[in-house]
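Colleague: Hey, dropping coords_31.cif in here, mmCIF, C-alpha atoms and all ligand atoms:
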```cif
data_start
#
loop_
_atom_site.label_atom_id
_atom_site.label_comp_id
_atom_site.auth_asym_id
_atom_site.auth_seq_id
_atom_site.Cartn_x
_atom_site.Cartn_y
_atom_site.Cartn_z
CA HIS A 34 117.96 135.41 68.60
CA ALA A 35 120.59 138.12 68.28
CA LEU A 36 123.17 137.82 71.00
CA SER A 37 126.11 140.20 70.97
CA ALA A 38 128.00 138.08 73.50
CA LEU A 39 128.31 134.43 72.45
CA PRO A 40 128.22 131.49 74.81
CA GLN A 41 131.40 129.43 75.18
CA ALA A 42 131.60 127.07 72.21
CA GLY A 43 131.07 123.90 74.22
CA LEU A 44 127.58 124.87 75.30
CA LEU A 45 125.78 123.89 72.12
CA ALA A 46 128.17 121.19 70.85
CA GLU A 47 126.19 117.96 70.94
CA PRO A 48 126.07 115.11 71.67
CA GLY A 49 129.30 115.06 73.69
CA ARG A 50 129.34 111.32 74.04
CA SER A 51 132.40 111.50 76.24
CA ALA A 52 132.63 114.00 79.06
CA HIS A 53 134.78 114.77 82.07
CA TYR A 54 133.87 116.95 85.01
CA LEU A 55 136.39 118.69 87.26
CA GLU A 56 135.32 120.76 90.26
CA MET A 57 138.13 122.60 92.04
CA ASN A 58 138.77 125.01 94.89
CA PHE A 59 141.45 127.66 94.61
CA ASN A 60 144.27 127.20 97.10
CA PRO A 61 144.69 129.89 99.76
CA GLY A 62 147.44 132.42 99.17
CA ILE A 63 147.41 132.36 95.36
CA SER A 64 147.17 135.75 93.66
CA ASP A 65 144.32 136.56 91.28
CA ALA A 66 146.91 136.92 88.52
CA GLY A 67 148.31 133.47 89.29
CA ILE A 68 144.84 131.93 89.10
CA CYS A 69 144.05 133.67 85.83
CA ARG A 70 147.33 132.54 84.27
CA ALA A 71 146.57 128.96 85.25
CA LEU A 72 142.99 129.11 83.96
CA ASP A 73 144.22 130.56 80.69
CA ARG A 74 146.71 127.71 80.23
CA ALA A 75 144.06 125.19 81.22
CA ARG A 76 141.60 126.31 78.54
CA GLN A 77 144.01 126.31 75.58
CA ALA A 78 142.25 124.86 72.54
CA LEU A 79 142.82 121.19 71.70
CA PRO A 80 141.44 119.37 68.65
CA ASP A 81 137.94 117.89 68.88
CA VAL A 82 137.39 118.75 72.54
CA TYR A 83 135.51 121.55 74.28
CA ILE A 84 136.83 122.94 77.55
CA ALA A 85 134.11 125.09 79.08
CA LEU A 86 134.67 127.01 82.32
CA ALA A 87 132.22 128.09 84.97
CA PHE A 88 132.62 129.70 88.40
CA GLY A 89 131.00 129.62 91.79
CA ALA A 90 129.62 132.91 93.12
CA THR A 91 132.58 133.64 95.40
CA ALA A 92 135.15 132.85 92.75
CA TRP A 93 133.42 134.95 90.09
CA GLN A 94 133.13 137.90 92.46
CA ARG A 95 136.84 137.65 93.09
CA LEU A 96 137.94 137.38 89.47
CA GLN A 97 135.44 139.92 88.15
CA PRO A 98 134.71 142.40 90.97
CA ALA A 99 133.07 144.89 88.55
CA TRP A 100 129.80 142.98 88.09
CA GLN A 101 128.03 139.71 88.65
CA PRO A 102 124.89 138.04 87.32
CA ALA A 103 121.93 139.12 89.42
CA GLN A 104 120.88 135.69 90.66
CA LEU A 105 124.25 134.03 91.14
CA GLN A 106 124.56 132.47 94.58
CA PRO A 107 126.25 129.46 96.15
CA PHE A 108 124.18 126.28 96.19
CA LYS A 109 122.74 125.73 99.68
CA GLU A 110 121.57 122.38 101.02
CA MET A 111 117.91 121.77 100.19
CA VAL A 112 115.65 119.74 102.47
CA GLY A 113 112.48 118.17 101.15
CA GLU A 114 109.00 117.53 102.51
CA ASN A 115 109.64 114.07 101.10
CA GLY A 116 112.41 113.52 103.68
CA TYR A 117 115.20 113.61 101.12
CA THR A 118 117.93 116.20 100.93
CA MET A 119 120.10 117.66 98.22
CA PRO A 120 123.54 118.38 99.68
CA ALA A 121 125.61 121.44 98.87
CA THR A 122 129.21 120.97 97.74
CA GLN A 123 129.81 124.37 96.21
CA ARG A 124 133.30 124.87 94.81
CA ASP A 125 135.18 127.65 93.00
CA VAL A 126 135.64 126.46 89.45
CA PHE A 127 134.06 123.90 87.17
CA PHE A 128 135.59 122.49 84.00
CA TRP A 129 133.14 120.82 81.64
CA ILE A 130 135.29 118.95 79.15
CA HIS A 131 133.53 117.05 76.40
CA GLY A 132 133.84 115.64 72.92
CA GLU A 133 133.16 112.47 71.02
CA ASP A 134 136.44 110.67 71.66
CA GLN A 135 137.31 109.59 75.16
CA GLY A 136 141.05 109.69 74.47
CA GLU A 137 140.92 113.28 73.22
CA VAL A 138 138.83 114.25 76.23
CA MET A 139 141.40 112.66 78.50
CA ASN A 140 144.20 114.66 76.86
CA ALA A 141 142.28 117.80 77.74
CA VAL A 142 141.70 116.60 81.31
CA LEU A 143 145.46 116.13 81.75
CA GLN A 144 146.17 119.58 80.27
CA VAL A 145 143.67 121.23 82.62
CA HIS A 146 144.92 119.37 85.66
CA ASP A 147 148.54 120.13 84.89
CA ALA A 148 147.79 123.83 84.42
CA MET A 149 145.79 124.02 87.67
CA ARG A 150 147.85 121.78 89.92
CA ASP A 151 149.71 124.57 91.76
CA VAL A 152 146.73 126.87 92.23
CA ALA A 153 143.77 124.61 92.98
CA VAL A 154 142.75 121.35 94.57
CA THR A 155 140.53 118.98 92.58
CA LEU A 156 137.53 117.84 94.59
CA LEU A 157 135.49 116.15 91.88
CA ASP A 158 137.13 114.25 89.04
CA LEU A 159 134.50 112.32 87.17
CA ASN A 160 134.25 110.69 83.77
CA GLY A 161 130.91 110.63 81.96
CA PHE A 162 129.69 108.85 78.86
CA LYS A 163 126.64 108.53 76.69
CA ASN A 164 125.45 105.70 74.52
CA ARG A 165 124.05 106.17 71.01
CA GLU A 166 120.42 106.41 72.10
CA ALA A 167 121.30 108.63 75.08
CA ARG A 168 119.71 106.15 77.43
CA ASP A 169 120.80 106.67 81.01
CA LEU A 170 121.64 103.78 83.33
CA THR A 171 117.97 103.33 84.22
CA GLY A 172 117.41 102.44 80.56
CA PHE A 173 115.29 105.52 79.84
CA VAL A 174 116.24 108.00 77.14
CA ASP A 175 117.50 111.22 78.76
CA GLY A 176 117.27 114.61 77.07
CA THR A 177 114.22 114.09 74.84
CA ALA A 178 112.28 117.16 76.00
CA ASN A 179 115.36 119.36 75.77
CA PRO A 180 114.89 122.48 73.64
CA LYS A 181 116.32 122.13 70.12
CA GLY A 182 118.13 124.51 67.78
CA ASP A 183 117.92 128.19 68.71
CA LYS A 184 115.41 127.40 71.45
CA ARG A 185 118.43 126.13 73.38
CA LEU A 186 119.68 129.71 73.58
CA ASP A 187 116.33 131.00 74.84
CA ALA A 188 116.38 128.39 77.60
CA ALA A 189 120.05 128.43 78.49
CA VAL A 190 121.46 131.89 77.93
CA ILE A 191 121.10 135.06 80.01
CA PRO A 192 119.38 137.58 77.75
CA GLU A 193 120.72 140.78 76.29
CA GLY A 194 120.61 143.71 78.72
CA GLU A 195 121.22 141.66 81.88
CA ALA A 196 124.56 141.33 83.64
CA GLY A 197 126.17 138.19 82.28
CA ALA A 198 124.32 138.25 78.95
CA GLY A 199 125.52 135.43 76.72
CA GLY A 200 126.45 133.38 79.78
CA SER A 201 124.42 130.82 81.70
CA TYR A 202 123.37 129.84 85.17
CA VAL A 203 124.43 126.24 85.72
CA LEU A 204 123.50 123.45 88.12
CA SER A 205 125.64 120.36 88.54
CA GLN A 206 124.52 117.49 90.73
CA LYS A 207 126.06 114.05 90.99
CA TRP A 208 123.23 111.57 91.50
CA ARG A 209 123.91 108.01 92.57
CA HIS A 210 121.43 105.44 91.32
CA HIS A 211 120.10 102.49 93.30
CA LEU A 212 119.60 100.33 90.26
CA GLN A 213 118.94 97.13 92.15
CA ALA A 214 115.83 98.70 93.66
CA PHE A 215 114.80 100.42 90.43
CA ASN A 216 115.21 97.23 88.42
CA GLN A 217 112.95 95.36 90.83
CA LEU A 218 110.08 97.53 89.63
CA SER A 219 108.04 96.32 86.66
CA VAL A 220 108.57 98.31 83.48
CA HIS A 221 105.12 99.84 84.02
CA GLU A 222 106.12 101.01 87.51
CA GLN A 223 109.39 102.40 86.17
CA GLU A 224 107.44 104.35 83.57
CA GLN A 225 105.25 105.81 86.34
CA VAL A 226 108.43 107.02 88.05
CA ILE A 227 109.85 108.69 84.95
CA GLY A 228 106.67 109.79 83.16
CA ARG A 229 107.57 108.37 79.76
CA THR A 230 107.46 104.89 78.26
CA LYS A 231 110.73 103.02 78.42
CA GLN A 232 111.12 101.35 75.04
CA ASP A 233 109.40 103.90 72.78
CA ASN A 234 110.10 106.97 74.93
CA VAL A 235 106.60 108.46 74.65
CA GLU A 236 105.39 110.92 77.31
CA LEU A 237 102.50 109.57 79.41
CA GLU A 238 99.27 111.46 78.87
CA GLY A 239 96.31 112.58 80.95
CA ASP A 240 95.34 110.25 83.78
CA ALA A 241 98.19 107.92 82.87
CA MET A 242 100.71 110.58 83.98
CA PRO A 243 101.24 110.49 87.76
CA PRO A 244 101.79 113.89 89.43
CA THR A 245 104.76 112.26 91.21
CA SER A 246 106.56 111.31 87.99
CA HIS A 247 109.86 113.00 87.23
CA VAL A 248 108.44 114.65 84.12
CA SER A 249 105.44 116.01 86.08
CA ARG A 250 107.76 117.53 88.68
CA THR A 251 110.15 119.14 86.20
CA ASP A 252 107.85 120.21 83.32
CA VAL A 253 106.88 123.54 84.88
CA LYS A 254 104.89 126.49 83.58
CA ILE A 255 104.75 129.81 85.43
CA ASP A 256 102.09 132.26 84.19
CA GLY A 257 101.77 130.19 81.05
CA VAL A 258 105.51 130.26 80.29
CA GLY A 259 107.35 126.93 80.12
CA GLN A 260 110.36 127.09 82.46
CA LYS A 261 112.64 125.32 80.02
CA ILE A 262 116.22 124.52 80.88
CA TYR A 263 118.89 122.91 78.69
CA ARG A 264 120.26 119.65 80.07
CA ARG A 265 123.63 118.11 79.20
CA SER A 266 123.81 115.35 81.82
CA THR A 267 125.66 112.09 81.29
CA PRO A 268 125.79 108.79 83.11
CA TYR A 269 128.97 108.08 85.08
CA GLY A 270 130.56 105.37 87.13
CA GLY A 271 131.40 101.70 87.27
CA ALA A 272 130.10 98.43 88.61
CA GLU A 273 129.72 99.43 92.26
CA GLU A 274 128.81 103.10 92.10
CA HIS A 275 127.07 104.75 89.18
CA GLY A 276 124.47 107.28 88.33
CA LEU A 277 123.88 110.50 86.47
CA TYR A 278 125.99 113.63 86.60
CA PHE A 279 123.15 116.09 86.11
CA LEU A 280 124.21 119.24 84.30
CA ALA A 281 121.79 121.96 83.23
CA PHE A 282 121.98 125.50 81.88
CA ALA A 283 119.37 128.21 82.31
CA CYS A 284 118.76 131.85 81.47
CA ASN A 285 117.38 132.32 84.97
CA LEU A 286 118.39 130.49 88.14
CA ARG A 287 114.79 130.30 89.36
CA ARG A 288 113.94 127.93 86.53
CA ILE A 289 116.31 125.42 88.06
CA SER A 290 115.51 125.98 91.73
CA VAL A 291 111.74 125.72 91.10
CA GLN A 292 112.26 122.29 89.58
CA LEU A 293 114.38 121.18 92.54
CA GLU A 294 111.74 122.37 95.03
CA ARG A 295 109.07 120.51 93.08
CA MET A 296 111.18 117.34 93.12
CA LEU A 297 111.61 117.70 96.89
CA GLY A 298 107.88 118.15 97.52
CA ASN A 299 108.25 121.79 98.58
CA SER A 300 105.90 123.34 96.05
CA GLY A 301 102.72 123.13 98.08
CA ASP A 302 100.85 120.50 96.08
CA GLY A 303 101.93 117.62 98.32
CA TYR A 304 103.74 115.72 95.56
CA SER A 305 107.39 114.88 95.29
CA ASP A 306 109.49 113.17 92.66
CA HIS A 307 109.49 109.38 92.99
CA LEU A 308 112.79 109.34 91.12
CA MET A 309 114.32 110.31 94.48
CA LYS A 310 113.45 106.88 95.89
CA TYR A 311 115.93 105.39 93.44
CA SER A 312 118.62 108.07 93.18
CA THR A 313 120.44 110.12 95.78
CA ALA A 314 122.03 113.51 95.19
CA LEU A 315 125.65 113.38 96.39
CA THR A 316 126.83 116.83 95.29
CA GLY A 317 125.26 120.13 94.31
CA ALA A 318 126.66 123.39 93.00
CA TYR A 319 125.51 126.48 91.12
CA TRP A 320 127.89 128.02 88.62
CA PHE A 321 128.06 130.95 86.27
CA MET A 322 129.37 130.04 82.85
CA PRO A 323 130.40 133.40 81.38
CA SER A 324 130.10 134.20 77.67
CA GLN A 325 133.28 133.74 75.66
CA SER A 326 134.01 137.50 75.71
CA ASP A 327 133.34 137.87 79.46
CA LEU A 328 135.68 134.97 80.08
CA ASP A 329 138.34 136.46 77.80
CA ALA A 330 138.04 139.78 79.65
CA VAL A 331 138.86 138.12 82.98
CA LEU A 332 141.67 135.86 81.75
C1 LIG B 1 113.32 114.74 81.96
C2 LIG B 1 116.24 111.46 84.03
C3 LIG B 1 117.44 114.72 87.44
C4 LIG B 1 115.04 118.12 84.98
C5 LIG B 1 113.97 113.56 82.26
C6 LIG B 1 113.77 112.30 81.58
C7 LIG B 1 114.59 111.41 82.16
C8 LIG B 1 115.31 112.06 83.21
C9 LIG B 1 114.76 109.93 81.78
C10 LIG B 1 112.77 112.08 80.43
C11 LIG B 1 113.34 112.33 79.09
C12 LIG B 1 113.73 113.75 78.82
O1 LIG B 1 112.91 114.59 78.45
O2 LIG B 1 114.90 114.05 79.04
C13 LIG B 1 116.77 112.07 85.16
C14 LIG B 1 117.58 111.37 86.14
C15 LIG B 1 117.91 112.28 87.11
C16 LIG B 1 117.33 113.55 86.73
C17 LIG B 1 117.94 109.89 86.06
C18 LIG B 1 118.72 112.11 88.36
C19 LIG B 1 118.82 110.95 88.98
C20 LIG B 1 116.88 115.93 87.09
C21 LIG B 1 117.01 117.16 87.83
C22 LIG B 1 116.31 118.12 87.13
C23 LIG B 1 115.76 117.47 85.95
C24 LIG B 1 117.79 117.33 89.12
C25 LIG B 1 116.08 119.58 87.43
C26 LIG B 1 116.91 120.36 88.06
C27 LIG B 1 114.39 117.50 83.94
C28 LIG B 1 113.56 118.20 82.97
C29 LIG B 1 113.03 117.22 82.12
C30 LIG B 1 113.58 115.95 82.58
C31 LIG B 1 113.32 119.69 82.87
C32 LIG B 1 112.09 117.44 80.93
C33 LIG B 1 110.65 117.50 81.41
C34 LIG B 1 109.70 117.75 80.26
O3 LIG B 1 109.54 118.93 79.89
O4 LIG B 1 109.16 116.79 79.71
N1 LIG B 1 114.92 113.40 83.26
N2 LIG B 1 116.66 113.37 85.54
N3 LIG B 1 116.12 116.16 85.97
N4 LIG B 1 114.38 116.16 83.66
FE1 LIG B 1 115.49 114.77 84.62
MG MG B 2 105.74 118.07 78.54
#
```
As C-alpha cells, please, write out the structure in this file.

Modeller:
Amino acid sequence: HALSALPQAGLLAEPGRSAHYLEMNFNPGISDAGICRALDRARQALPDVYIALAFGATAWQRLQPAWQPAQLQPFKEMVGENGYTMPATQRDVFFWIHGEDQGEVMNAVLQVHDAMRDVAVTLLDLNGFKNREARDLTGFVDGTANPKGDKRLDAAVIPEGEAGAGGSYVLSQKWRHHLQAFNQLSVHEQEQVIGRTKQDNVELEGDAMPPTSHVSRTDVKIDGVGQKIYRRSTPYGGAEEHGLYFLAFACNLRRISVQLERMLGNSGDGYSDHLMKYSTALTGAYWFMPSQSDLDAVL
C-alpha cells in the first residue's frame, strides 16, 4: 500500500487505552489566520500522546478553499424505520487525543484547550478509556473484526488520486447505554443482540446469527466487496451516564452511512439493529481527518 501522503500519526497508534474527545465550534469574528495559529499551537507534539485533528465540512471548506474530499458533508439527523433517530450535532473541529497514560493525555487536553480558548467554544469534552481486553461496558469485546496491519489503511484511508488522499472520512457518535435493561437479558439474549458470544467472543454462525444482530447489520458487502471501516471507539462515562463514544475511519463515507441505515432499518430488508433498544445516539458528526501533509499545508 504505497501512500505518498501519510495519515496523521495517531490514526494507527493502538490501543490508545486512554482517550479524550473535544468537539469545538469556531467563534464568530475570528480570522482564518487566528484560527490556524491556535490550531497549530494546540497540536504541538507532547511525549506519549497523539493529538489528531479533523474538521467538519464547513470548517474544512473555510480553511482549505482550494479543494475538499468529494463526499465530505455535515452529518444530518437520521430517522429509522425502527422508530429510533440518530441526532446531528455537527461541529467545526474535532480533537482526538489518545495515548496509554491518562495523565499524559490530560496534559495534552489542557494544552489544546488553552490554545483554543480564545477562538473556539468547546461543546463536547469527553474522557474515554479501554480495559485490557477491550471489552465495552456491555461486557462484549469491541473491535475484534477491525482490519489489522496494512488492511487498516485500505479501510480507513482515502486512496491515492482522490482529493484528500492519505486522509480519512470520520464518524463520531456518543452512544448512551441503558445497561440496566441490557443486563436484564440472559447472556444468550445479549449474544443475539451483538452477534458474538460474550465470554469467548466468537461470531455466531448460520441460523444462530440473527439478521437483527449488530454484527449482521454492520458486516456489509456491496458487489462482493466487504465495506470495512476502522473503529477506534472507547467506553466513556461514570456511574449515572455511560456508554460508547463510537469513532470510525473510512476511505469512503458511504461505507459508514450504509451501516447506519442498516442499523436504523432503512435498507429495505425490514431488519434493524437490536443494539438500538439498549443504546441511544446522543451526538453525531462527520469529519475529515486530513493527511499529515494536508494538515501542515493549512496550518
Ligand atoms: C462490531 C459494539 C456502534 C460498526 C461490534 C462488536 C461490538 C460492537 C461488541 C463486535 C466485536 C467487533 O467486531 O468489534 C458496538 C456498540 C455500539 C456500536 C456498543 C454503540 C452503542 C456501531 C456503529 C457502527 C458500528 C454506530 C457503524 C457506523 C461495527 C462494525 C462491526 C462492529 C463494522 C464489525 C462487524 C463485523 O464485520 O463483524 N460493535 N458498536 N458499530 N460494529 Fe459496533
Ligand atoms: Mg463477519

Colleague: Given all atoms listed in the file as the basis, pick out the residue of A:Asn140, A:Gln123, A:Thr155, A:Thr313 nearest to A:Asn60.

Modeller: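 Ranking A:Asn140, A:Gln123, A:Thr155, A:Thr313 by distance to A:Asn60, first place goes to A:Thr155.
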
Colleague: Choose the residue, out of A:Val253, A:Ser51, A:Lys181, A:Met322, that has the smallest atom-to-atom separation from A:Ala92; count all atoms listed in the file.

Modeller: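 Nearest to A:Ala92: A:Met322.
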
Colleague: When distances are computed from all atoms listed in the file, which of A:Gln144, A:Thr251, A:Gln77, A:Thr122 shows the smallest separation from ligand LIG 1 (chain B)?

Modeller: A:Thr251

Colleague: In terms of the shortest atom-to-atom distance over all atoms listed in the file, which of A:Pro244, A:Gly43, A:Gly136, A:Gly239 is closest to A:Val226?

Modeller: A:Pro244

Colleague: Between A:Gly259, A:Gly200, A:Gly176, A:Pro120, which residue has the minimum interatomic distance to ligand LIG 1 (chain B), considering all atoms listed in the file?

Modeller: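 So, comparing all the options, the nearest one is A:Gly176.
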
Colleague: Output requested as a JSON list (two decimals), in the coordinates of the input - stretch 168-180 of chain A, filled out with N, CA and C atoms.

Modeller:
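Final file, part04.json:
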```json
[["chain", "number", "residue", "atom", "x", "y", "z"],
["A", 168, "ARG", "N", 120.41, 106.74, 76.30],
["A", 168, "ARG", "CA", 119.71, 106.15, 77.43],
["A", 168, "ARG", "C", 120.59, 106.25, 78.66],
["A", 169, "ASP", "N", 120.00, 106.64, 79.79],
["A", 169, "ASP", "CA", 120.80, 106.67, 81.01],
["A", 169, "ASP", "C", 120.83, 105.27, 81.62],
["A", 170, "LEU", "N", 121.43, 105.12, 82.79],
["A", 170, "LEU", "CA", 121.64, 103.78, 83.33],
["A", 170, "LEU", "C", 120.35, 103.14, 83.83],
["A", 171, "THR", "N", 119.28, 103.92, 83.93],
["A", 171, "THR", "CA", 117.97, 103.33, 84.22],
["A", 171, "THR", "C", 117.37, 102.70, 82.97],
["A", 172, "GLY", "N", 117.94, 102.97, 81.81],
["A", 172, "GLY", "CA", 117.41, 102.44, 80.56],
["A", 172, "GLY", "C", 116.45, 103.38, 79.85],
["A", 173, "PHE", "N", 116.17, 104.53, 80.47],
["A", 173, "PHE", "CA", 115.29, 105.52, 79.84],
["A", 173, "PHE", "C", 116.13, 106.52, 79.04],
["A", 174, "VAL", "N", 115.54, 106.99, 77.94],
["A", 174, "VAL", "CA", 116.24, 108.00, 77.14],
["A", 174, "VAL", "C", 116.23, 109.32, 77.92],
["A", 175, "ASP", "N", 117.38, 109.95, 78.03],
["A", 175, "ASP", "CA", 117.50, 111.22, 78.76],
["A", 175, "ASP", "C", 117.77, 112.35, 77.76],
["A", 176, "GLY", "N", 117.03, 113.42, 77.90],
["A", 176, "GLY", "CA", 117.27, 114.61, 77.07],
["A", 176, "GLY", "C", 116.20, 114.87, 76.02],
["A", 177, "THR", "N", 115.21, 113.99, 75.92],
["A", 177, "THR", "CA", 114.22, 114.09, 74.84],
["A", 177, "THR", "C", 113.52, 115.45, 74.81],
["A", 178, "ALA", "N", 113.06, 115.92, 75.96],
["A", 178, "ALA", "CA", 112.28, 117.16, 76.00],
["A", 178, "ALA", "C", 113.17, 118.41, 76.03],
["A", 179, "ASN", "N", 114.46, 118.21, 75.83],
["A", 179, "ASN", "CA", 115.36, 119.36, 75.77],
["A", 179, "ASN", "C", 114.95, 120.28, 74.62],
["A", 180, "PRO", "N", 115.10, 121.59, 74.78],
["A", 180, "PRO", "CA", 114.89, 122.48, 73.64],
["A", 180, "PRO", "C", 115.89, 122.15, 72.53]]
```
